[in-house]
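Asks: Structure incoming, see below.
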Amino acid sequence: MTENGPSAVRDWLRGIEVFDRPLPAFRPELAPDGPVELFLGWLREAVAAGVPDPHAMTLSTVDEAGDPDARVLILKDVGDAGGFLFAGHATSPKGVQLGGAPRAALTFYWAEFGRQVRVRGAVRRESAARSAADFLARSDSARAEAVLGRQSRYLGDPDERERALARSLAGIAADPGLVEPAWTLWALVPEVVEFWQATADRSHVRLRYEREGGGWQRRRLWP
């Protein structure tokens with residue numbers, strides 16, 4: 001393989017079949033007026049079909065230099081106003097990035113159905129009470145890790161992490177109501193939501209909801 005010559009990896013990747021399985025139909029003309037109802041319908045279908053981690057999503061943000069960053073999180077809730085809720089530590093990279101540029105994108109993908117949902121909009125911090133409630137609903141080990149507040153920092157000695165976690169767990173056991181003040185629940189308030197349904201012949205069906213005024217406009221997109 002040369003720099004400009006044939007690539008074995010490229011050929012291997014091109015040989016992997018894509019969407020070569022029964023896929024559901026999507027008829028945009030039957031879609032509801034707003035995106036939340038359709039999103040929850042697709043999510044319920046994924047749950048019913050046993051799709052692993054169906055509420056996992058990719059959160060995309062930008063840092064202070066404008067460079068993109070992304071990671072997979074769990075959707076915590078879809079609020080009454082249509083906000084997509086997720087949580088994390090305010091001093092984590094995503095927390096710092098959202099503090100500087102409070103806008104983000106979410107991507108859900110259910111490979112079994114060939115479906116993805118893309119969401120973009122402004123991000124707001126929820127109240128301290130709601131953030132505390134989310135924190136207390138976490139497992140002891142997850143809470144203990146969050147109290148340490150060291151996410152994404154360099155780890156030189158794994159044993160140090162185990163000792164620190166043990167001390168943090170002991171603190172949680174001694175004070176079950178302990179809340180990490182920096183734990184934050186965020187809501188992404190969607191401005192654009194796109195539903196994408198794959199087809200075997202690549203004539204993918206795409207429907208975009210765009211917030212206009214107090215409502216939503218639905219528009220079909222080219223594949």
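Labels used: A, B, ... for chains in the order of the structure tokens, numbers from 1 for residues in each chain, and numbers from 1 for ligands as shown.
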Determine which residues of stretch 110-201 of chain A receive a DSSP assignment of helix (DSSP H, G or I), computed from the backbone, and state them as a ChimeraX atom specification.
Replies: /A:111-113,128-136,140-148,158-174
Asks: Write the residues of the selection above to a file with N, CA and C atoms, as a CSV table (one decimal), in the first residue's frame.
Replies:
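Resulting contents of again_22.csv:
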```
chain,number,residue,atom,x,y,z
A,111,ALA,N,-28.9,1.5,15.4
A,111,ALA,CA,-28.4,0.8,14.2
A,111,ALA,C,-29.4,-0.2,13.7
A,112,GLU,N,-30.0,-0.9,14.7
A,112,GLU,CA,-30.9,-2.0,14.3
A,112,GLU,C,-32.0,-1.5,13.4
A,113,PHE,N,-32.4,-0.3,13.5
A,113,PHE,CA,-33.5,0.3,12.7
A,113,PHE,C,-33.0,1.2,11.6
A,128,ALA,N,-30.8,24.4,40.9
A,128,ALA,CA,-29.9,23.6,41.9
A,128,ALA,C,-30.7,22.5,42.5
A,129,ALA,N,-32.0,22.7,42.7
A,129,ALA,CA,-32.8,21.6,43.3
A,129,ALA,C,-32.9,20.4,42.4
A,130,ARG,N,-33.1,20.7,41.1
A,130,ARG,CA,-33.2,19.6,40.1
A,130,ARG,C,-31.9,18.9,39.9
A,131,SER,N,-30.8,19.7,39.9
A,131,SER,CA,-29.5,19.1,39.8
A,131,SER,C,-29.2,18.2,41.0
A,132,ALA,N,-29.6,18.6,42.2
A,132,ALA,CA,-29.4,17.8,43.4
A,132,ALA,C,-30.2,16.5,43.4
A,133,ALA,N,-31.4,16.6,42.9
A,133,ALA,CA,-32.3,15.4,42.8
A,133,ALA,C,-31.7,14.4,41.8
A,134,ASP,N,-31.1,14.9,40.7
A,134,ASP,CA,-30.5,14.0,39.8
A,134,ASP,C,-29.2,13.3,40.4
A,135,PHE,N,-28.5,14.1,41.1
A,135,PHE,CA,-27.3,13.6,41.8
A,135,PHE,C,-27.6,12.5,42.8
A,136,LEU,N,-28.6,12.7,43.6
A,136,LEU,CA,-29.0,11.8,44.6
A,136,LEU,C,-29.6,10.5,44.0
A,140,ASP,N,-24.2,4.9,44.5
A,140,ASP,CA,-23.2,5.4,45.4
A,140,ASP,C,-21.8,5.6,44.7
A,141,SER,N,-21.4,4.6,43.9
A,141,SER,CA,-20.1,4.7,43.3
A,141,SER,C,-20.1,5.9,42.3
A,142,ALA,N,-21.2,6.1,41.6
A,142,ALA,CA,-21.2,7.2,40.6
A,142,ALA,C,-21.2,8.6,41.4
A,143,ARG,N,-21.9,8.6,42.5
A,143,ARG,CA,-21.8,9.9,43.3
A,143,ARG,C,-20.4,10.1,43.9
A,144,ALA,N,-19.8,9.0,44.4
A,144,ALA,CA,-18.5,9.1,44.9
A,144,ALA,C,-17.5,9.6,43.9
A,145,GLU,N,-17.6,9.1,42.7
A,145,GLU,CA,-16.7,9.5,41.6
A,145,GLU,C,-16.9,11.0,41.3
A,146,ALA,N,-18.2,11.4,41.3
A,146,ALA,CA,-18.5,12.8,41.0
A,146,ALA,C,-18.0,13.8,42.0
A,147,VAL,N,-18.0,13.3,43.3
A,147,VAL,CA,-17.5,14.2,44.4
A,147,VAL,C,-16.0,14.4,44.3
A,148,LEU,N,-15.3,13.5,43.7
A,148,LEU,CA,-13.9,13.6,43.5
A,148,LEU,C,-13.6,14.8,42.6
A,158,PRO,N,-3.0,4.4,39.1
A,158,PRO,CA,-4.3,3.8,39.3
A,158,PRO,C,-4.7,3.5,40.8
A,159,ASP,N,-3.6,3.2,41.6
A,159,ASP,CA,-3.9,2.9,43.0
A,159,ASP,C,-4.3,4.2,43.7
A,160,GLU,N,-3.8,5.3,43.3
A,160,GLU,CA,-4.3,6.6,43.9
A,160,GLU,C,-5.7,6.8,43.7
A,161,ARG,N,-6.2,6.4,42.5
A,161,ARG,CA,-7.6,6.6,42.2
A,161,ARG,C,-8.5,5.7,43.1
A,162,GLU,N,-8.0,4.4,43.3
A,162,GLU,CA,-8.7,3.5,44.2
A,162,GLU,C,-8.8,4.0,45.6
A,163,ARG,N,-7.7,4.6,46.1
A,163,ARG,CA,-7.7,5.1,47.5
A,163,ARG,C,-8.6,6.3,47.6
A,164,ALA,N,-8.6,7.2,46.6
A,164,ALA,CA,-9.4,8.4,46.6
A,164,ALA,C,-10.9,8.0,46.5
A,165,LEU,N,-11.2,7.0,45.7
A,165,LEU,CA,-12.6,6.6,45.6
A,165,LEU,C,-13.1,5.9,46.9
A,166,ALA,N,-12.2,5.2,47.5
A,166,ALA,CA,-12.6,4.5,48.8
A,166,ALA,C,-13.0,5.6,49.8
A,167,ARG,N,-12.1,6.6,49.9
A,167,ARG,CA,-12.4,7.7,50.9
A,167,ARG,C,-13.7,8.4,50.5
A,168,SER,N,-14.0,8.6,49.2
A,168,SER,CA,-15.2,9.3,48.8
A,168,SER,C,-16.4,8.4,49.1
A,169,LEU,N,-16.3,7.1,48.9
A,169,LEU,CA,-17.4,6.2,49.2
A,169,LEU,C,-17.7,6.3,50.7
A,170,ALA,N,-16.7,6.3,51.5
A,170,ALA,CA,-16.9,6.4,52.9
A,170,ALA,C,-17.6,7.7,53.3
A,171,GLY,N,-17.3,8.8,52.6
A,171,GLY,CA,-18.0,10.0,52.9
A,171,GLY,C,-19.5,9.9,52.5
A,172,ILE,N,-19.8,9.3,51.4
A,172,ILE,CA,-21.1,9.1,50.9
A,172,ILE,C,-21.9,8.2,52.0
A,173,ALA,N,-21.3,7.2,52.5
A,173,ALA,CA,-21.9,6.3,53.4
A,173,ALA,C,-22.2,7.1,54.7
A,174,ALA,N,-21.3,8.0,55.1
A,174,ALA,CA,-21.5,8.7,56.4
A,174,ALA,C,-22.5,9.8,56.2
```
Asks: Can you list, as a list in words, every protein, DNA or RNA residue that comes within 6 Å of stretch 151-155 of chain A when you count only C-alpha atoms, leaving out same-chain residues fewer than 2 positions away?
Replies: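 Residues meeting the cut-off are Ser92, Gly149 and Asp157 of chain A.
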Asks: List as a short mmCIF file (atom, residue, chain, number, x, y, z; two decimals) with N, CA, C and O atoms, in the first residue's frame the protein and nucleic acid residues near stretch 206-210 of chain A, meaning an atom at most 8 Å away when only C-alpha atoms are counted, but skip any in the same chain fewer than 3 places from it.
Replies:
```
data_model
loop_
_atom_site.label_atom_id
_atom_site.label_comp_id
_atom_site.auth_asym_id
_atom_site.auth_seq_id
_atom_site.Cartn_x
_atom_site.Cartn_y
_atom_site.Cartn_z
N PRO A 28 -43.08 10.65 6.43
CA PRO A 28 -43.08 11.99 7.05
C PRO A 28 -44.43 12.68 7.03
O PRO A 28 -44.73 13.49 7.92
N GLY A 34 -45.10 18.25 16.27
CA GLY A 34 -43.87 18.58 16.98
C GLY A 34 -42.93 17.39 17.04
O GLY A 34 -43.35 16.23 16.91
N PRO A 35 -41.63 17.63 17.27
CA PRO A 35 -40.65 16.55 17.22
C PRO A 35 -40.61 15.64 18.44
O PRO A 35 -40.19 14.49 18.32
N GLU A 191 -33.84 23.73 18.71
CA GLU A 191 -34.25 24.66 17.68
C GLU A 191 -34.43 23.95 16.35
O GLU A 191 -35.23 24.38 15.51
N VAL A 192 -33.65 22.88 16.18
CA VAL A 192 -33.74 22.05 14.98
C VAL A 192 -33.66 20.59 15.41
O VAL A 192 -32.80 20.23 16.21
N VAL A 193 -34.58 19.77 14.90
CA VAL A 193 -34.56 18.33 15.18
C VAL A 193 -34.77 17.61 13.85
O VAL A 193 -35.76 17.86 13.15
N GLU A 194 -33.82 16.75 13.50
CA GLU A 194 -33.92 16.01 12.24
C GLU A 194 -34.06 14.52 12.50
O GLU A 194 -33.32 13.95 13.30
N PHE A 195 -35.00 13.91 11.79
CA PHE A 195 -35.22 12.46 11.84
C PHE A 195 -34.74 11.86 10.53
O PHE A 195 -35.12 12.34 9.45
N TRP A 196 -33.94 10.82 10.63
CA TRP A 196 -33.28 10.21 9.47
C TRP A 196 -33.54 8.72 9.49
O TRP A 196 -33.22 8.04 10.47
N GLN A 197 -34.16 8.23 8.43
CA GLN A 197 -34.45 6.81 8.30
C GLN A 197 -33.70 6.26 7.09
O GLN A 197 -33.91 6.71 5.96
N TRP A 216 -43.53 24.78 15.22
CA TRP A 216 -42.56 24.04 14.43
C TRP A 216 -42.99 23.99 12.97
O TRP A 216 -44.17 23.87 12.67
N GLN A 217 -41.99 24.09 12.09
CA GLN A 217 -42.20 23.87 10.67
C GLN A 217 -41.53 22.56 10.30
O GLN A 217 -40.41 22.29 10.70
N ARG A 218 -42.24 21.74 9.53
CA ARG A 218 -41.68 20.45 9.07
C ARG A 218 -41.26 20.59 7.62
O ARG A 218 -42.01 21.08 6.80
N ARG A 219 -40.05 20.11 7.33
CA ARG A 219 -39.54 20.19 5.96
C ARG A 219 -38.81 18.90 5.62
O ARG A 219 -37.97 18.42 6.39
N ARG A 220 -39.11 18.36 4.44
CA ARG A 220 -38.35 17.21 3.93
C ARG A 220 -37.00 17.66 3.44
O ARG A 220 -36.83 18.78 2.96
N LEU A 221 -36.01 16.77 3.53
CA LEU A 221 -34.66 17.05 3.05
C LEU A 221 -34.27 16.01 2.00
O LEU A 221 -34.72 14.86 2.04
N TRP A 222 -33.42 16.43 1.09
CA TRP A 222 -32.85 15.47 0.16
C TRP A 222 -32.01 14.45 0.95
O TRP A 222 -31.45 14.78 2.01
N PRO A 223 -31.90 13.21 0.45
CA PRO A 223 -31.10 12.20 1.15
C PRO A 223 -29.65 12.65 1.33
O PRO A 223 -29.14 13.40 0.53
#
```
Asks: Could you check which of A:Ala198, A:Val179, A:Ala122, A:Val62 is closest to A:Gly100, using only C-alpha atoms?
Replies: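 Comparing A:Ala198, A:Val179, A:Ala122, A:Val62 against A:Gly100, the winner is A:Val62.
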Asks: Mind checking DSSP for chain A and telling me the strand (DSSP E or B) residues as a ChimeraX atom specification?
Replies: /A:56-62,68-74,77-78,84-89,103-110,115-125,183-197,205-212,215-221
Asks: For A:Phe19, which residue out of A:Ala187, A:Ala200, A:Val117, A:Leu106 is the nearest one, using only C-alpha atoms?
Replies: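 Looking at the shortest contact to A:Phe19, the residue is A:Ala200.
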Asks: Within 9 Å of A:Val189, counting only C-alpha atoms, which residues show up once you throw out same-chain ones fewer than 2 positions away? Write them as a list in words, please.
Replies: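 Here the answer would be Ala81, Gly82, Gly83, Phe84, Leu85, Val119, Arg120, Gly121, Ala122, Val123, Arg124, Ala187 and Glu191 of chain A.
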